[in-house]
Amino acid sequence: MASLVENLITVLSEECDEYDIILGLARSKTPVIVAGNLDELSRITEDEQSHADRLQNLDNRRSKVTADIANVINRDVNDLKLNILIGLLDRTPAEQKRLSEVYDRLKTVVHELARVNDQNSELLKSSLEMVEFELNLLNSLKAAPETANYSRNSYTGGTLGVTRSGFDAKQ
């Protein structure tokens with residue numbers, strides 16, 4: 001069982017490292033979003049995706065190790081959470097401490113990543129709203145009637161098609 005817990009600690013540490021990298025990328029996205037640099041944003045997103053793929057592989061490894069641990073201690077793998085496993089390791093305090101530390105580190109980095117991603121999401125929504133506003137403004141300018149577009153020789157009396165005589169015989 002000790003080697004399985006050691007494998008779990010190793011996988012969780014690697015996951016923490018990947019999340020730290022993704023957190024750094026997410027933080028670097030914030031000024032890029034504010035600046036509206038789409039090329040750089042695309043590059044960062046591609047980099048994030050490669051790390052997310054690595055995280056998926058690590059998550060699969062973690063699931064296998066957790067299933068093996070659940071088998072050894074005769075527990076249901078769906079009920080075996082890290083905090084429960086930490087509590088079960090009270091006879092091996094060194095492993096318990098290391099697993100607890102990596103668990104706390106993982107929780108902290110994931111929480112911070114969620115916060116930064118929420119912030120970036122709000123910035124992207126604001127940017128999108130601004131772009132929509134500008135598009136609506138441009139479209140409304142195209143659809144607006146042309147007024148006050150007279151030359152020196154044009155007749156400027158009356159407004160918007162109203163002639164000098166107030167009566168239109170065609171109606």
# chains A, B, ... in the order shown; residues from 1 in each chain; ligands from 1

call {"tool": "residues_around", "arguments": {"residues": "Glu18 of chain A", "least_positions_apart": "4", "cutoff": "12 Å", "atoms": "only C-alpha atoms", "output": "list of chain:residue names"}}
result
A:Val11, A:Leu12, A:Ser13, A:Glu14, A:Ile22, A:Leu23, A:Gly24, A:Leu25, A:Asp47, A:Glu48, A:Gln49, A:Ser50, A:His51, A:Ala52, A:Asp53, A:Arg54, A:Leu55, A:Gln56, A:Asn57, A:Leu58, A:Asp59, A:Leu106, A:Val109, A:Val110, A:Leu113

call {"tool": "residues_around", "arguments": {"residues": "Lys107 of chain A", "least_positions_apart": "4", "cutoff": "12 Å", "atoms": "only C-alpha atoms", "output": "MDAnalysis selection string"}}
result
chainID A and resid 12:13 15:16 19:20 82:83 100:103 111:114

call {"tool": "write_last_selection", "arguments": {"atoms": "C-alpha atoms", "output": "PDB file, in the first residue's frame"}}
result
ATOM      1  CA  LEU A  12      -0.857  14.662  -7.498  1.00  0.00           C
ATOM      2  CA  SER A  13       2.412  16.617  -7.364  1.00  0.00           C
ATOM      3  CA  GLU A  15      -0.926  17.632 -11.412  1.00  0.00           C
ATOM      4  CA  CYS A  16      -0.130  20.555  -9.116  1.00  0.00           C
ATOM      5  CA  TYR A  19      -2.051  23.526 -12.689  1.00  0.00           C
ATOM      6  CA  ASP A  20       0.639  26.014 -11.633  1.00  0.00           C
ATOM      7  CA  LEU A  82      -8.425  12.306  -0.737  1.00  0.00           C
ATOM      8  CA  ASN A  83      -9.475  13.730   2.613  1.00  0.00           C
ATOM      9  CA  SER A 100      -2.084  16.231   3.091  1.00  0.00           C
ATOM     10  CA  GLU A 101       0.416  18.840   1.883  1.00  0.00           C
ATOM     11  CA  VAL A 102      -0.009  17.963  -1.784  1.00  0.00           C
ATOM     12  CA  TYR A 103      -3.804  17.888  -1.332  1.00  0.00           C
ATOM     13  CA  HIS A 111      -9.167  27.621  -6.328  1.00  0.00           C
ATOM     14  CA  GLU A 112      -6.860  30.407  -7.549  1.00  0.00           C
ATOM     15  CA  LEU A 113      -7.134  29.169 -11.147  1.00  0.00           C
ATOM     16  CA  ALA A 114     -10.928  29.259 -10.905  1.00  0.00           C
TER      17      ALA A 114
END

call {"tool": "atom_distance", "arguments": {"atom1": "atom CA of Glu6 of chain A", "atom2": "atom CA of Leu99 of chain A"}}
result
8.6 Å

call {"tool": "closest_atom_pairs", "arguments": {"of": "segment 47-135 of chain A", "to": "segment 35-39 of chain A", "cutoff": "12 Å", "atoms": "only C-alpha atoms", "output": "Markdown table"}}
result
| residue | atom | partner | partner_atom | distance |
| --- | --- | --- | --- | --- |
| A:Leu123 | CA | A:Gly36 | CA | 10.3 |
| A:Leu124 | CA | A:Gly36 | CA | 9.4 |
| A:Ser126 | CA | A:Gly36 | CA | 11.4 |
| A:Ser127 | CA | A:Gly36 | CA | 8.1 |
| A:Leu128 | CA | A:Gly36 | CA | 10.5 |
| A:Met130 | CA | A:Gly36 | CA | 11.4 |
| A:Val131 | CA | A:Gly36 | CA | 10.8 |

call {"tool": "residues_around", "arguments": {"residues": "Ser121 of chain A", "least_positions_apart": "6", "cutoff": "10 Å", "atoms": "only C-alpha atoms", "output": "VMD selection string"}}
result
chain A and resid 30 33 115 127

call {"tool": "write_last_selection", "arguments": {"atoms": "N, CA and C atoms", "output": "PDB file, in the first residue's frame"}}
result
ATOM      1  N   THR A  30      -4.796  37.911 -18.763  1.00  0.00           N
ATOM      2  CA  THR A  30      -5.555  39.085 -18.323  1.00  0.00           C
ATOM      3  C   THR A  30      -5.128  40.359 -19.054  1.00  0.00           C
ATOM      4  N   ILE A  33      -6.114  40.170 -22.772  1.00  0.00           N
ATOM      5  CA  ILE A  33      -7.539  40.385 -23.017  1.00  0.00           C
ATOM      6  C   ILE A  33      -7.844  41.882 -22.967  1.00  0.00           C
ATOM      7  N   ARG A 115     -10.573  31.396  -9.783  1.00  0.00           N
ATOM      8  CA  ARG A 115     -10.764  32.832  -9.584  1.00  0.00           C
ATOM      9  C   ARG A 115     -10.261  33.633 -10.776  1.00  0.00           C
ATOM     10  N   SER A 127     -15.552  42.801 -23.088  1.00  0.00           N
ATOM     11  CA  SER A 127     -15.010  43.098 -24.418  1.00  0.00           C
ATOM     12  C   SER A 127     -16.025  42.778 -25.501  1.00  0.00           C
TER      13      SER A 127
END

call {"tool": "closest_residue", "arguments": {"among": "A:Glu46, A:Val5, A:Arg98, A:Ser140", "to": "Val72 of chain A", "atoms": "only C-alpha atoms"}}
result
A:Val5

call {"tool": "residues_around", "arguments": {"residues": "Ile73 of chain A", "least_positions_apart": "6", "cutoff": "12 Å", "atoms": "only C-alpha atoms", "output": "list in words"}}
result
Met1, Ala2, Leu4, Val5, Thr66, Ala67, Leu80, Leu85, Leu88 and Leu89 of chain A

call {"tool": "write_last_selection", "arguments": {"atoms": "N, CA and C atoms", "output": "CSV table (one decimal), in the first residue's frame"}}
result
chain,number,residue,atom,x,y,z
A,1,MET,N,0.8,-1.2,0.0
A,1,MET,CA,0.0,0.0,0.0
A,1,MET,C,0.9,1.3,0.0
A,2,ALA,N,2.0,1.2,0.7
A,2,ALA,CA,2.9,2.4,0.7
A,2,ALA,C,3.3,2.8,-0.6
A,4,LEU,N,1.7,2.4,-3.4
A,4,LEU,CA,0.5,3.0,-4.1
A,4,LEU,C,0.3,4.5,-3.6
A,5,VAL,N,0.4,4.7,-2.3
A,5,VAL,CA,0.3,6.0,-1.8
A,5,VAL,C,1.4,6.9,-2.3
A,66,THR,N,-5.9,5.5,-7.6
A,66,THR,CA,-6.9,5.5,-6.5
A,66,THR,C,-7.8,4.2,-6.5
A,67,ALA,N,-8.1,3.7,-7.7
A,67,ALA,CA,-8.8,2.4,-7.8
A,67,ALA,C,-8.0,1.3,-7.2
A,80,LEU,N,-14.1,6.9,-2.0
A,80,LEU,CA,-12.7,7.2,-1.5
A,80,LEU,C,-12.2,8.5,-2.0
A,85,LEU,N,-8.9,9.4,2.5
A,85,LEU,CA,-7.6,8.6,2.5
A,85,LEU,C,-6.6,9.2,3.4
A,88,LEU,N,-7.3,7.9,6.8
A,88,LEU,CA,-7.0,6.5,6.9
A,88,LEU,C,-5.5,6.2,7.1
A,89,LEU,N,-4.7,7.2,6.8
A,89,LEU,CA,-3.2,7.0,6.9
A,89,LEU,C,-2.6,7.4,8.2

call {"tool": "closest_residue", "arguments": {"among": "A:Ala94, A:Val34, A:Ile84, A:Leu135", "to": "Gln119 of chain A", "atoms": "only C-alpha atoms"}}
result
A:Val34

call {"tool": "atom_distance", "arguments": {"atom1": "atom CA of Val116 of chain A", "atom2": "atom CA of Ser28 of chain A"}}
result
10.1 Å

call {"tool": "atom_distance", "arguments": {"atom1": "atom CA of Asp17 of chain A", "atom2": "atom CA of Arg105 of chain A"}}
result
9.9 Å
